[in-house]
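What follows is the content of entry.txt, which has compact mmCIF, C-alpha atoms:
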# COMPACT_ATOMS: atom_id res chain seq x y z
CA MET A 1 -85.06 30.39 -107.62
CA PRO A 2 -85.73 28.02 -110.51
CA SER A 3 -84.10 28.86 -113.79
CA LEU A 4 -86.05 29.98 -116.84
CA LYS A 5 -85.67 26.55 -118.37
CA ASP A 6 -87.06 24.86 -115.26
CA LEU A 7 -90.06 27.16 -115.31
CA ARG A 8 -90.66 26.46 -118.97
CA ASN A 9 -90.60 22.75 -118.31
CA ARG A 10 -92.98 23.04 -115.40
CA ILE A 11 -95.43 25.08 -117.40
CA ALA A 12 -95.33 22.48 -120.17
CA SER A 13 -95.91 19.67 -117.72
CA VAL A 14 -98.82 21.36 -115.96
CA LYS A 15 -100.36 22.08 -119.35
CA ALA A 16 -100.11 18.41 -120.25
CA THR A 17 -101.79 17.48 -116.96
CA GLN A 18 -104.51 19.99 -117.60
CA LYS A 19 -105.19 18.43 -120.98
CA ILE A 20 -105.56 15.03 -119.36
CA THR A 21 -107.91 16.22 -116.63
CA LYS A 22 -109.96 18.11 -119.19
CA ALA A 23 -110.29 15.00 -121.34
CA MET A 24 -111.22 12.91 -118.29
CA GLN A 25 -113.86 15.44 -117.36
CA MET A 26 -115.39 15.24 -120.79
CA VAL A 27 -115.34 11.45 -120.81
CA ALA A 28 -116.96 11.43 -117.37
CA ALA A 29 -119.65 13.82 -118.58
CA ALA A 30 -120.49 11.55 -121.49
CA LYS A 31 -120.51 8.47 -119.29
CA LEU A 32 -122.53 10.24 -116.64
CA ARG A 33 -125.39 10.85 -119.03
CA ARG A 34 -125.54 7.21 -119.94
CA ALA A 35 -125.24 6.06 -116.32
CA GLN A 36 -127.95 8.46 -115.29
CA GLU A 37 -130.27 7.17 -117.98
CA ALA A 38 -129.61 3.60 -116.88
CA ALA A 39 -130.32 4.51 -113.27
CA GLU A 40 -133.55 6.21 -114.23
CA ALA A 41 -134.63 3.34 -116.48
CA ALA A 42 -134.19 0.93 -113.59
CA ARG A 43 -136.24 2.99 -111.19
CA PRO A 44 -139.78 1.90 -112.20
CA TYR A 45 -138.91 -1.75 -111.65
CA ALA A 46 -137.46 -1.22 -108.20
CA GLU A 47 -140.34 1.03 -107.21
CA ARG A 48 -143.06 -1.38 -108.32
CA MET A 49 -141.24 -4.22 -106.65
CA GLY A 50 -141.05 -2.24 -103.42
CA ALA A 51 -144.74 -1.32 -103.58
CA VAL A 52 -145.90 -4.91 -104.13
CA LEU A 53 -143.61 -6.22 -101.41
CA ALA A 54 -144.79 -3.58 -98.99
CA ASN A 55 -148.36 -4.66 -99.69
CA LEU A 56 -147.47 -8.26 -99.05
CA ALA A 57 -145.45 -7.41 -95.99
CA VAL A 58 -148.43 -5.79 -94.33
CA ALA A 59 -150.32 -9.05 -94.65
CA PHE A 60 -147.50 -10.87 -92.91
CA GLU A 61 -146.96 -8.48 -90.06
CA GLY A 62 -146.63 -10.37 -86.82
CA ARG A 63 -147.18 -13.77 -88.37
CA ASP A 64 -144.90 -16.64 -87.46
CA ASP A 65 -144.71 -18.11 -90.93
CA ALA A 66 -143.16 -15.00 -92.48
CA PRO A 67 -140.13 -15.96 -94.57
CA LYS A 68 -136.75 -15.81 -92.91
CA LEU A 69 -135.58 -13.11 -95.29
CA MET A 70 -138.16 -10.78 -93.82
CA SER A 71 -138.29 -11.76 -90.17
CA GLY A 72 -134.56 -12.37 -89.81
CA THR A 73 -132.81 -15.22 -88.07
CA GLY A 74 -133.83 -14.02 -84.65
CA ASN A 75 -130.47 -12.65 -83.59
CA ASP A 76 -128.02 -10.10 -84.90
CA GLN A 77 -124.65 -11.44 -83.96
CA VAL A 78 -123.03 -11.69 -87.38
CA HIS A 79 -123.20 -8.70 -89.68
CA LEU A 80 -122.38 -8.77 -93.35
CA LEU A 81 -121.40 -5.46 -94.89
CA LEU A 82 -121.67 -5.29 -98.64
CA VAL A 83 -119.54 -2.33 -99.69
CA ALA A 84 -120.04 -1.19 -103.26
CA THR A 85 -117.46 1.24 -104.60
CA ALA A 86 -115.87 2.11 -107.92
CA GLU A 87 -113.10 0.23 -109.67
CA ARG A 88 -111.14 3.35 -110.44
CA GLY A 89 -109.89 6.30 -108.49
CA LEU A 90 -109.54 9.96 -109.42
CA CYS A 91 -113.13 10.70 -108.57
CA GLY A 92 -112.83 13.00 -105.59
CA GLY A 93 -114.17 11.78 -102.29
CA PHE A 94 -116.50 9.21 -103.83
CA ASN A 95 -114.75 6.01 -102.76
CA THR A 96 -113.46 7.50 -99.53
CA ASN A 97 -116.89 8.57 -98.40
CA ILE A 98 -118.45 5.16 -98.92
CA ALA A 99 -115.50 3.46 -97.24
CA LYS A 100 -115.70 5.88 -94.34
CA LEU A 101 -119.36 5.15 -93.74
CA ALA A 102 -118.72 1.41 -93.88
CA ARG A 103 -115.71 1.69 -91.60
CA GLU A 104 -117.65 3.64 -88.97
CA LYS A 105 -120.42 1.06 -89.03
CA ALA A 106 -117.91 -1.78 -88.75
CA ARG A 107 -116.16 -0.07 -85.85
CA SER A 108 -119.34 0.46 -83.88
CA LEU A 109 -120.41 -3.13 -84.53
CA LEU A 110 -117.05 -4.47 -83.41
CA LYS A 111 -117.23 -2.35 -80.29
CA GLN A 112 -120.56 -3.99 -79.47
CA GLY A 113 -118.86 -7.34 -79.73
CA LYS A 114 -120.51 -8.39 -82.99
CA THR A 115 -118.84 -10.33 -85.72
CA VAL A 116 -118.31 -8.39 -88.93
CA LYS A 117 -117.87 -9.85 -92.38
CA ILE A 118 -117.23 -7.64 -95.36
CA ILE A 119 -117.73 -8.22 -99.06
CA CYS A 120 -116.20 -5.56 -101.25
CA VAL A 121 -117.70 -4.91 -104.65
CA GLY A 122 -115.09 -2.88 -106.45
CA LYS A 123 -111.37 -2.70 -105.94
CA LYS A 124 -111.20 0.76 -104.41
CA GLY A 125 -113.33 -0.17 -101.45
CA TYR A 126 -111.03 -3.08 -100.74
CA ASP A 127 -107.97 -0.83 -100.96
CA ALA A 128 -109.50 1.61 -98.52
CA LEU A 129 -110.67 -0.97 -96.00
CA LYS A 130 -107.94 -3.59 -96.07
CA ARG A 131 -105.57 -1.80 -93.72
CA GLU A 132 -107.88 -1.53 -90.76
CA LEU A 133 -110.42 -4.26 -91.45
CA GLY A 134 -108.41 -6.60 -93.65
CA GLN A 135 -109.08 -9.69 -91.57
CA HIS A 136 -112.83 -9.15 -91.81
CA ILE A 137 -112.94 -8.96 -95.59
CA ILE A 138 -114.08 -12.32 -96.83
CA LYS A 139 -114.41 -11.59 -100.49
CA THR A 140 -113.78 -9.01 -103.19
CA ILE A 141 -115.96 -8.94 -106.25
CA ASP A 142 -114.25 -7.45 -109.24
CA LEU A 143 -116.38 -5.74 -111.85
CA ARG A 144 -113.49 -4.16 -113.68
CA SER A 145 -114.07 -6.12 -116.84
CA VAL A 146 -117.73 -5.09 -116.88
CA LYS A 147 -118.35 -1.98 -118.92
CA HIS A 148 -122.02 -1.50 -118.22
CA VAL A 149 -123.44 -3.07 -115.13
CA GLY A 150 -126.15 -5.50 -116.17
CA PHE A 151 -128.78 -7.13 -114.06
CA ASN A 152 -126.96 -10.44 -114.22
CA ASN A 153 -123.94 -8.91 -112.43
CA ALA A 154 -126.18 -7.83 -109.59
CA ASP A 155 -128.00 -11.14 -109.68
CA GLU A 156 -124.76 -13.04 -109.22
CA ILE A 157 -123.88 -11.02 -106.14
CA GLY A 158 -127.43 -11.40 -104.87
CA ARG A 159 -127.34 -15.17 -105.25
CA GLU A 160 -124.06 -15.35 -103.44
CA VAL A 161 -125.39 -13.32 -100.53
CA LEU A 162 -128.52 -15.46 -100.42
CA SER A 163 -126.64 -18.74 -100.38
CA MET A 164 -124.51 -17.40 -97.54
CA TYR A 165 -127.67 -16.45 -95.69
CA ASP A 166 -129.17 -19.88 -96.25
CA ASP A 167 -126.02 -21.43 -94.85
CA GLY A 168 -126.43 -19.27 -91.76
CA GLU A 169 -123.20 -17.36 -92.27
CA PHE A 170 -124.67 -14.05 -91.20
CA ASP A 171 -127.78 -12.56 -89.60
CA VAL A 172 -127.97 -9.04 -90.91
CA CYS A 173 -126.81 -7.72 -94.27
CA THR A 174 -126.23 -4.05 -94.93
CA LEU A 175 -125.45 -2.55 -98.31
CA PHE A 176 -123.25 0.53 -98.68
CA TYR A 177 -123.34 2.65 -101.79
CA SER A 178 -123.66 6.22 -102.89
CA THR A 179 -126.97 7.76 -103.87
CA PHE A 180 -126.88 10.00 -106.89
CA LYS A 181 -128.48 13.29 -105.95
CA SER A 182 -126.99 15.56 -108.56
CA VAL A 183 -123.73 15.99 -110.42
CA ILE A 184 -122.21 17.81 -107.47
CA ALA A 185 -123.89 15.93 -104.65
CA GLN A 186 -123.55 12.23 -104.00
CA GLU A 187 -124.57 10.89 -100.68
CA PRO A 188 -123.03 7.76 -99.17
CA THR A 189 -125.92 5.59 -98.04
CA SER A 190 -126.36 2.44 -96.04
CA GLN A 191 -129.35 0.22 -96.58
CA GLN A 192 -130.35 -2.88 -94.70
CA LEU A 193 -130.99 -5.71 -97.15
CA ILE A 194 -131.63 -8.64 -94.85
CA PRO A 195 -133.92 -8.84 -92.97
CA ALA A 196 -135.86 -6.78 -95.46
CA HIS A 197 -137.33 -3.51 -94.32
CA PHE A 198 -140.29 -1.94 -96.01
CA GLU A 199 -141.36 1.59 -95.52
CA ALA A 200 -144.79 1.72 -94.01
CA GLY A 201 -145.54 4.90 -95.91
CA SER A 202 -145.48 3.30 -99.31
CA SER A 203 -148.06 0.73 -98.33
CA ASP A 204 -150.65 3.28 -97.25
CA GLU A 205 -152.02 4.02 -100.67
CA GLY A 206 -152.14 0.38 -101.63
CA ALA A 207 -153.66 -0.74 -98.35
CA GLY A 208 -157.22 -0.17 -99.49
CA ALA A 209 -156.78 -2.08 -102.72
CA ASN A 210 -154.82 -4.74 -100.92
CA ALA A 211 -157.89 -6.13 -99.25
CA VAL A 212 -159.31 -7.45 -102.50
CA TYR A 213 -156.09 -8.66 -104.09
CA GLU A 214 -156.03 -12.25 -105.15
CA TYR A 215 -152.80 -14.14 -105.11
CA GLU A 216 -151.72 -16.95 -107.34
CA PRO A 217 -149.95 -18.95 -106.00
CA GLU A 218 -150.43 -18.29 -102.25
CA GLU A 219 -149.01 -15.19 -100.57
CA THR A 220 -146.37 -17.24 -98.84
CA GLU A 221 -145.11 -18.64 -102.09
CA ILE A 222 -145.16 -15.31 -103.88
CA LEU A 223 -143.26 -13.74 -101.03
CA ALA A 224 -140.74 -16.58 -101.04
CA ASP A 225 -140.26 -15.99 -104.75
CA LEU A 226 -140.08 -12.22 -104.62
CA LEU A 227 -137.88 -11.61 -101.60
CA PRO A 228 -134.76 -13.18 -103.10
CA ARG A 229 -135.40 -11.32 -106.35
CA ASN A 230 -135.77 -8.13 -104.40
CA ILE A 231 -132.25 -8.56 -103.01
CA SER A 232 -130.83 -8.68 -106.52
CA VAL A 233 -132.96 -5.75 -107.60
CA GLN A 234 -131.78 -3.64 -104.67
CA ILE A 235 -128.16 -4.52 -105.38
CA PHE A 236 -128.67 -3.71 -109.04
CA ARG A 237 -130.17 -0.37 -108.17
CA ALA A 238 -127.30 0.39 -105.82
CA LEU A 239 -124.75 -0.48 -108.50
CA LEU A 240 -126.45 1.80 -111.02
CA GLU A 241 -126.70 4.64 -108.52
CA ASN A 242 -123.05 4.07 -107.77
CA ALA A 243 -122.10 4.19 -111.43
CA ALA A 244 -123.89 7.49 -111.90
CA SER A 245 -122.43 8.91 -108.68
CA GLU A 246 -118.94 7.83 -109.63
CA GLN A 247 -119.08 9.63 -112.95
CA GLY A 248 -120.63 12.69 -111.34
CA ALA A 249 -117.94 12.77 -108.67
CA ARG A 250 -115.23 12.28 -111.24
CA MET A 251 -116.62 15.03 -113.39
CA SER A 252 -116.57 17.61 -110.62
CA ALA A 253 -113.19 16.40 -109.34
CA MET A 254 -111.71 16.74 -112.80
CA ASP A 255 -113.35 20.11 -113.25
CA ASN A 256 -111.61 21.27 -110.09
CA ALA A 257 -108.33 19.78 -111.22
CA THR A 258 -108.56 21.54 -114.58
CA ARG A 259 -109.23 24.82 -112.86
CA ASN A 260 -106.37 24.33 -110.42
CA ALA A 261 -104.04 23.52 -113.27
CA GLY A 262 -105.14 26.73 -115.00
CA GLU A 263 -104.38 28.78 -111.91
CA MET A 264 -101.01 27.12 -111.56
CA ILE A 265 -100.17 27.84 -115.17
CA ASP A 266 -101.06 31.49 -114.67
CA LYS A 267 -98.85 31.75 -111.60
CA LEU A 268 -95.96 30.01 -113.26
CA THR A 269 -96.30 32.17 -116.36
CA ILE A 270 -96.18 35.33 -114.25
CA SER A 271 -93.04 34.28 -112.45
CA TYR A 272 -91.57 33.13 -115.75
CA ASN A 273 -92.22 36.53 -117.32
CA ARG A 274 -90.88 38.39 -114.29
CA GLN A 275 -87.75 36.42 -114.32
CA ARG A 276 -87.27 36.93 -118.03
CA GLN A 277 -87.68 40.68 -117.57
CA ALA A 278 -85.25 40.67 -114.68
CA GLN A 279 -82.75 38.82 -116.83
CA ILE A 280 -83.16 41.31 -119.68
CA THR A 281 -82.77 44.21 -117.27
CA THR A 282 -79.60 42.72 -115.79
CA GLU A 283 -78.20 42.21 -119.24
CA LEU A 284 -79.02 45.80 -120.24
CA ILE A 285 -77.42 47.17 -117.07
CA GLU A 286 -74.32 45.12 -117.80
CA ILE A 287 -74.10 46.46 -121.36
CA ILE A 288 -74.72 50.09 -120.31
CA SER A 289 -72.28 50.05 -117.45
CA GLY A 290 -69.76 48.37 -119.76
CA ALA A 291 -70.24 51.16 -122.32
CA GLU A 292 -69.95 53.87 -119.65
CA ALA A 293 -66.74 52.43 -118.33
CA LEU A 294 -65.05 52.97 -121.68
CA MET B 1 -163.83 -2.81 -130.43
CA ALA B 2 -162.32 -4.08 -127.23
CA GLU B 3 -161.87 -1.66 -124.39
CA LEU B 4 -158.31 -0.58 -123.74
CA PHE B 5 -156.32 -0.57 -120.53
CA GLN B 6 -152.85 0.51 -119.43
CA PHE B 7 -150.15 -2.15 -119.75
CA GLU B 8 -146.55 -1.83 -118.59
CA LEU B 9 -143.77 -4.29 -119.21
CA VAL B 10 -140.74 -3.51 -117.07
CA SER B 11 -137.39 -5.24 -116.79
CA PRO B 12 -134.73 -4.17 -114.29
CA GLU B 13 -132.80 -2.50 -117.08
CA ARG B 14 -135.55 -0.56 -118.76
CA GLN B 15 -139.22 -0.05 -119.30
CA LEU B 16 -140.03 -1.92 -122.49
CA LEU B 17 -143.62 -1.02 -122.94
CA SER B 18 -146.09 1.41 -121.48
CA GLU B 19 -149.21 1.81 -123.55
CA GLN B 20 -152.90 1.21 -123.95
CA VAL B 21 -153.63 -2.32 -125.07
CA ALA B 22 -156.67 -4.47 -125.64
CA GLU B 23 -155.57 -7.80 -124.21
CA VAL B 24 -152.51 -9.42 -122.66
CA VAL B 25 -151.83 -13.13 -122.23
CA VAL B 26 -149.37 -13.83 -119.42
CA PRO B 27 -147.58 -17.14 -118.75
CA GLY B 28 -148.53 -17.35 -115.08
CA SER B 29 -147.01 -19.93 -112.79
CA GLU B 30 -150.36 -21.67 -112.41
CA GLY B 31 -151.29 -21.53 -116.03
CA GLU B 32 -151.56 -18.94 -118.73
CA PHE B 33 -154.07 -16.24 -118.10
CA GLY B 34 -155.50 -13.47 -120.20
CA VAL B 35 -156.13 -9.98 -118.92
CA LEU B 36 -158.81 -7.69 -120.31
CA LYS B 37 -160.02 -4.36 -119.03
CA ASN B 38 -161.49 -4.40 -115.52
CA HIS B 39 -159.80 -7.60 -114.48
CA ALA B 40 -160.03 -8.24 -110.74
CA PRO B 41 -156.95 -7.16 -108.73
CA PHE B 42 -154.57 -10.05 -108.84
CA ILE B 43 -150.90 -10.87 -108.38
CA SER B 44 -149.20 -13.88 -109.92
CA THR B 45 -145.65 -14.98 -110.42
CA ILE B 46 -144.67 -15.81 -113.98
CA LEU B 47 -142.81 -18.65 -115.61
CA PRO B 48 -140.36 -18.35 -118.47
CA GLY B 49 -142.47 -18.13 -121.57
CA ILE B 50 -144.06 -15.99 -124.22
CA LEU B 51 -146.14 -13.01 -123.23
CA LYS B 52 -148.63 -11.92 -125.87
CA VAL B 53 -149.98 -8.42 -126.21
CA ARG B 54 -152.90 -7.47 -128.44
CA SER B 55 -152.79 -3.84 -129.41
CA GLU B 56 -155.67 -1.62 -130.33
CA ALA B 57 -155.26 -2.48 -134.00
CA GLY B 58 -155.69 -6.16 -133.19
CA GLY B 59 -152.23 -7.52 -134.02
CA TRP B 60 -150.37 -9.66 -131.47
CA ASP B 61 -146.91 -8.69 -130.23
CA GLU B 62 -144.88 -11.36 -128.51
CA TYR B 63 -142.25 -11.00 -125.82
CA PHE B 64 -140.07 -13.58 -124.16
CA VAL B 65 -140.21 -13.09 -120.40
CA ARG B 66 -138.41 -14.85 -117.60
CA GLY B 67 -138.70 -14.62 -113.84
CA GLY B 68 -140.87 -12.04 -112.14
CA PHE B 69 -144.51 -11.35 -111.53
CA ALA B 70 -147.61 -9.75 -112.96
CA ASP B 71 -149.59 -7.25 -110.97
CA VAL B 72 -153.15 -6.55 -112.06
CA ALA B 73 -154.52 -3.50 -110.30
CA ALA B 74 -157.39 -1.17 -110.92
CA GLY B 75 -155.11 1.06 -112.97
CA GLY B 76 -154.00 -1.68 -115.32
CA LEU B 77 -151.50 -4.47 -115.65
CA THR B 78 -147.82 -4.30 -114.79
CA VAL B 79 -145.49 -7.15 -115.60
CA LEU B 80 -142.13 -7.06 -113.86
CA ALA B 81 -139.81 -9.55 -115.52
CA GLU B 82 -136.17 -10.19 -114.78
CA GLN B 83 -135.65 -10.58 -118.48
CA ALA B 84 -137.97 -9.35 -121.19
CA VAL B 85 -137.09 -9.36 -124.87
CA PRO B 86 -139.26 -8.91 -127.96
CA VAL B 87 -139.44 -12.31 -129.65
CA GLY B 88 -138.00 -10.87 -132.86
CA GLU B 89 -134.85 -9.76 -131.05
CA ILE B 90 -134.14 -12.86 -129.04
CA SER B 91 -131.22 -14.90 -130.20
CA ARG B 92 -130.61 -18.61 -129.89
CA GLU B 93 -127.46 -17.88 -127.86
CA GLN B 94 -129.43 -16.07 -125.17
CA LEU B 95 -131.81 -18.98 -124.85
CA ASP B 96 -128.99 -21.48 -124.87
CA GLU B 97 -127.31 -19.54 -122.12
CA ALA B 98 -130.51 -19.49 -120.08
CA ILE B 99 -130.87 -23.23 -120.57
CA ALA B 100 -127.26 -23.86 -119.59
CA ASN B 101 -127.85 -21.80 -116.44
CA ALA B 102 -130.98 -23.74 -115.63
CA GLN B 103 -129.12 -27.01 -116.10
CA GLU B 104 -126.46 -25.80 -113.70
CA ASP B 105 -129.16 -24.93 -111.20
CA VAL B 106 -130.52 -28.46 -111.46
CA ALA B 107 -127.06 -29.87 -110.87
CA ASP B 108 -126.34 -27.51 -107.98
CA ALA B 109 -129.67 -27.90 -106.23
CA LYS B 110 -129.17 -28.82 -102.59
CA ASP B 111 -132.59 -30.18 -101.74
CA ASP B 112 -135.55 -31.68 -103.54
CA ALA B 113 -137.66 -28.55 -103.49
CA SER B 114 -135.08 -26.38 -105.19
CA ARG B 115 -134.22 -29.15 -107.65
CA GLN B 116 -137.85 -29.51 -108.57
CA LYS B 117 -138.10 -25.79 -109.11
CA ALA B 118 -134.98 -25.68 -111.26
CA GLU B 119 -136.20 -28.61 -113.33
CA MET B 120 -139.49 -26.86 -113.91
CA THR B 121 -137.67 -23.77 -115.14
CA LEU B 122 -135.57 -25.91 -117.43
CA GLY B 123 -138.62 -27.62 -118.86
CA GLN B 124 -140.32 -24.29 -119.47
CA LEU B 125 -137.30 -22.94 -121.28
CA LYS B 126 -137.18 -26.00 -123.51
CA ASP B 127 -140.85 -25.51 -124.33
CA VAL B 128 -140.12 -21.94 -125.33
CA VAL B 129 -137.36 -23.10 -127.66
CA GLU B 130 -139.75 -25.59 -129.23
CA ALA B 131 -142.41 -22.92 -129.64
CA LEU B 132 -139.95 -20.58 -131.27
CA LYS B 133 -138.74 -23.25 -133.65
CA LYS B 134 -142.25 -23.76 -134.93
CA ALA B 135 -142.87 -20.08 -135.36

Represent the structure contained in this file as C-alpha cells.
Amino acid sequence: MPSLKDLRNRIASVKATQKITKAMQMVAAAKLRRAQEAAEAARPYAERMGAVLANLAVAFEGRDDAPKLMSGTGNDQVHLLLVATAERGLCGGFNTNIAKLAREKARSLLKQGKTVKIICVGKKGYDALKRELGQHIIKTIDLRSVKHVGFNNADEIGREVLSMYDDGEFDVCTLFYSTFKSVIAQEPTSQQLIPAHFEAGSSDEGAGANAVYEYEPEETEILADLLPRNISVQIFRALLENAASEQGARMSAMDNATRNAGEMIDKLTISYNRQRQAQITTELIEIISGAEAL
Amino acid sequence: MAELFQFELVSPERQLLSEQVAEVVVPGSEGEFGVLKNHAPFISTILPGILKVRSEAGGWDEYFVRGGFADVAAGGLTVLAEQAVPVGEISREQLDEAIANAQEDVADAKDDASRQKAEMTLGQLKDVVEALKKA
C-alpha cells in the first residue's frame, strides 16, 4: 500500500503528464488544419497532372517507343521501396502502420527471391525497419529541419530516385505513405511510382477530346518531360498527405492519452481519499480507546 | 469587349489563379503563344519565363513561371507550373537560386542531350532576369 505522500506525488506527476498531452493535442490540432489546407491546395495540380498523363498514356498503349518510366525496364528483379514516415513519434499507430505495410511487402518480395532496396524518408520509418531489414536500407532522408514540406523537398527526392532509375539500380519503385481520410482515420497506402500506372477510368472522359488534341512539342517529348515531373508531384502529394495524417493521428493519440490520464487521476484521488479517511479513523479509534482506558 | 474564358494557374503548392480572363500569353517551349476564347485543344510544355494575363478590365498581370505545361481544353486554359510567382513578389534571391541550380545542372549533366536542355533553361532564366531589370 503506497503511503499518502506517494499517492500525492503520483497524482501530481500524472497531472503534469496530462497537461503535456493536452498541450500536444492542441498543437497538433492547429498544425493539422494547416497541413490539411496544404494537402487540399496541392490536390488540383496532382489531379490535372494525372488526367493529362492518362490521356497521353492511352495514346502510347502498346507502342514500343513508350518512355522507360512508363513501360518499365522489362523485368522486376530489383524493387525499391520508398517509405515515407514522420520524424517524430507519439502519434499513435501512424508510423507503425506504414512500417508494417512496407515490411510485409518487403518480406513477400524477399520470399520470391527479389532484391529489395529501401529508402526511408523520415527517421521513424528507419527506426522501425532497421532491425529486420537494416541491410536493405540504402538511404535515409531526413526532413527534420524542414518545417513545412515544400515542393523542392519532394523534387529532391524525386530527382534522386530518377537518377537511380537511370543508372539501372532498380526496376520497380513503390511508395509507402498514409492517406489522410479523416482526423480519426488514416490509411497506410502503397503506390507504384515506376513504372507509372494510370487509372483507365480517369481517361474515359477525356478520351473523346483527346482525339483532337494538338501537342507541342511531340507527344513523346511531352511525355518524357512530364513523367519525371509526375514522380516528384506524387512524392510531394504523399508527403503532404503524410503530414496531415501524422497530425491527425497525433491529435487522436493525445486525446486518448489526456483522457487516460484523467481516469488515472480520478482513481488515484479516490484511493488517496480512502486512505486519508482510514488514517483519520484509525487515529480517532486510538484517541477514543486511549480515553476509555483511563 | 473580348470574350472571356476560364483560366487556372496551378503550382504544386497552391492554386494561384482561377478566374475568367480575356487573354493569356504563355511562354511555350516552342515559342510564346497567346490564348483567346475558343482556342483549339492543345498541350504544350512551358519554359521558364513570364506569363501574361489580360483581365476583363484590360490590364496585364504578370507571373513568373518555371517548369510545367499548359493545357488548353474546351473548358479553358490550365497552366501547371512547378513554380509560379506574381512578378511583383519575386525576389532577386529566388531567381539567383534558380540560376545557381541551373548552372549546377549544366555542370552535372551526363550526356549532351541533358546538358543542352540544362543550358537552355539557364539561358531562359537569364533572359527573365534581363526582362525584369528593364521593367

If we count all atoms listed in the file, what is near A:Gly262 at a cut-off of 12 Å, once residues fewer than 4 positions away on the same chain are taken out, given as a PDB file with C-alpha atoms, in the frame of the given file?
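Heads up, here's the output in out.pdb:
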ATOM      1  CA  ILE A  11     -95.430  25.080-117.400  1.00  0.00           C
ATOM      2  CA  ALA A  12     -95.330  22.480-120.170  1.00  0.00           C
ATOM      3  CA  SER A  13     -95.910  19.670-117.720  1.00  0.00           C
ATOM      4  CA  VAL A  14     -98.820  21.360-115.960  1.00  0.00           C
ATOM      5  CA  LYS A  15    -100.360  22.080-119.350  1.00  0.00           C
ATOM      6  CA  ALA A  16    -100.110  18.410-120.250  1.00  0.00           C
ATOM      7  CA  THR A  17    -101.790  17.480-116.960  1.00  0.00           C
ATOM      8  CA  GLN A  18    -104.510  19.990-117.600  1.00  0.00           C
ATOM      9  CA  LYS A  19    -105.190  18.430-120.980  1.00  0.00           C
ATOM     10  CA  THR A  21    -107.910  16.220-116.630  1.00  0.00           C
ATOM     11  CA  LYS A  22    -109.960  18.110-119.190  1.00  0.00           C
ATOM     12  CA  ASP A 255    -113.350  20.110-113.250  1.00  0.00           C
ATOM     13  CA  ASN A 256    -111.610  21.270-110.090  1.00  0.00           C
ATOM     14  CA  ALA A 257    -108.330  19.780-111.220  1.00  0.00           C
ATOM     15  CA  THR A 258    -108.560  21.540-114.580  1.00  0.00           C
ATOM     16  CA  ASP A 266    -101.060  31.490-114.670  1.00  0.00           C
ATOM     17  CA  LYS A 267     -98.850  31.750-111.600  1.00  0.00           C
ATOM     18  CA  LEU A 268     -95.960  30.010-113.260  1.00  0.00           C
ATOM     19  CA  THR A 269     -96.300  32.170-116.360  1.00  0.00           C
TER      20      THR A 269
END

Kindly indicate which residue among B:Glu30, B:Glu62, B:Gln6, B:Thr78 lies nearest to A:Tyr45, using all atoms listed in the file for the distances.
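Smallest distance to A:Tyr45 is found for B:Thr78.
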
Could you write out as a list of chain:residue names the residues of chain A within 6 Å of chain B, counting all atoms listed in the file?
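My answer is A:Ala41, A:Ala42, A:Tyr45, A:Tyr213, A:Glu214, A:Tyr215, A:Glu216.
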
Pick out the residues sitting within 9 Å of B:Thr121, and hand them over as a CSV table (one decimal) with C-alpha atoms, keeping the file's coordinate frame; count only C-alpha atoms, and ignore anything fewer than 2 positions along from it in its own chain.
chain,number,residue,atom,x,y,z
B,47,LEU,CA,-142.8,-18.6,-115.6
B,48,PRO,CA,-140.4,-18.4,-118.5
B,99,ILE,CA,-130.9,-23.2,-120.6
B,102,ALA,CA,-131.0,-23.7,-115.6
B,116,GLN,CA,-137.8,-29.5,-108.6
B,117,LYS,CA,-138.1,-25.8,-109.1
B,118,ALA,CA,-135.0,-25.7,-111.3
B,119,GLU,CA,-136.2,-28.6,-113.3
B,123,GLY,CA,-138.6,-27.6,-118.9
B,124,GLN,CA,-140.3,-24.3,-119.5
B,125,LEU,CA,-137.3,-22.9,-121.3
B,126,LYS,CA,-137.2,-26.0,-123.5

From the options A:Asn260, A:Arg10, A:Gly72, A:Asn152, which residue's atoms come nearest to B:Asn101, counting only C-alpha atoms?
A:Asn152

Identify, on the basis of only C-alpha atoms, every residue whose closest approach to stretch 177-193 of chain A does not exceed 10 Å; exclude the query and any residue fewer than 6 positions from it along the same chain; express the result as a PyMOL selection string.
chain A and resi 29+32+36+39+69-70+80-86+93-102+105+121+230-232+234-235+237-253

Excluding B:Lys52 and its own-chain neighbours fewer than 3 positions away, which residues fall within 8 Å of it when counting all atoms listed in the file? Please give them as an MDAnalysis selection string.
chainID B and resid 24:26 60:63

One decimal, Å: what's the distance from atom CA of B:Ala98 over to atom CA of A:Ile141, could you say?
22.7 Å

In Å, how far is it from atom CA of A:Thr220 to atom CA of B:Leu122?
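Between atom CA of A:Thr220 and atom CA of B:Leu122 the gap is 23.2 Å.
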
Mind pulling up the distance from atom CA of A:Val146 to atom CA of A:Cys91?
18.4 Å
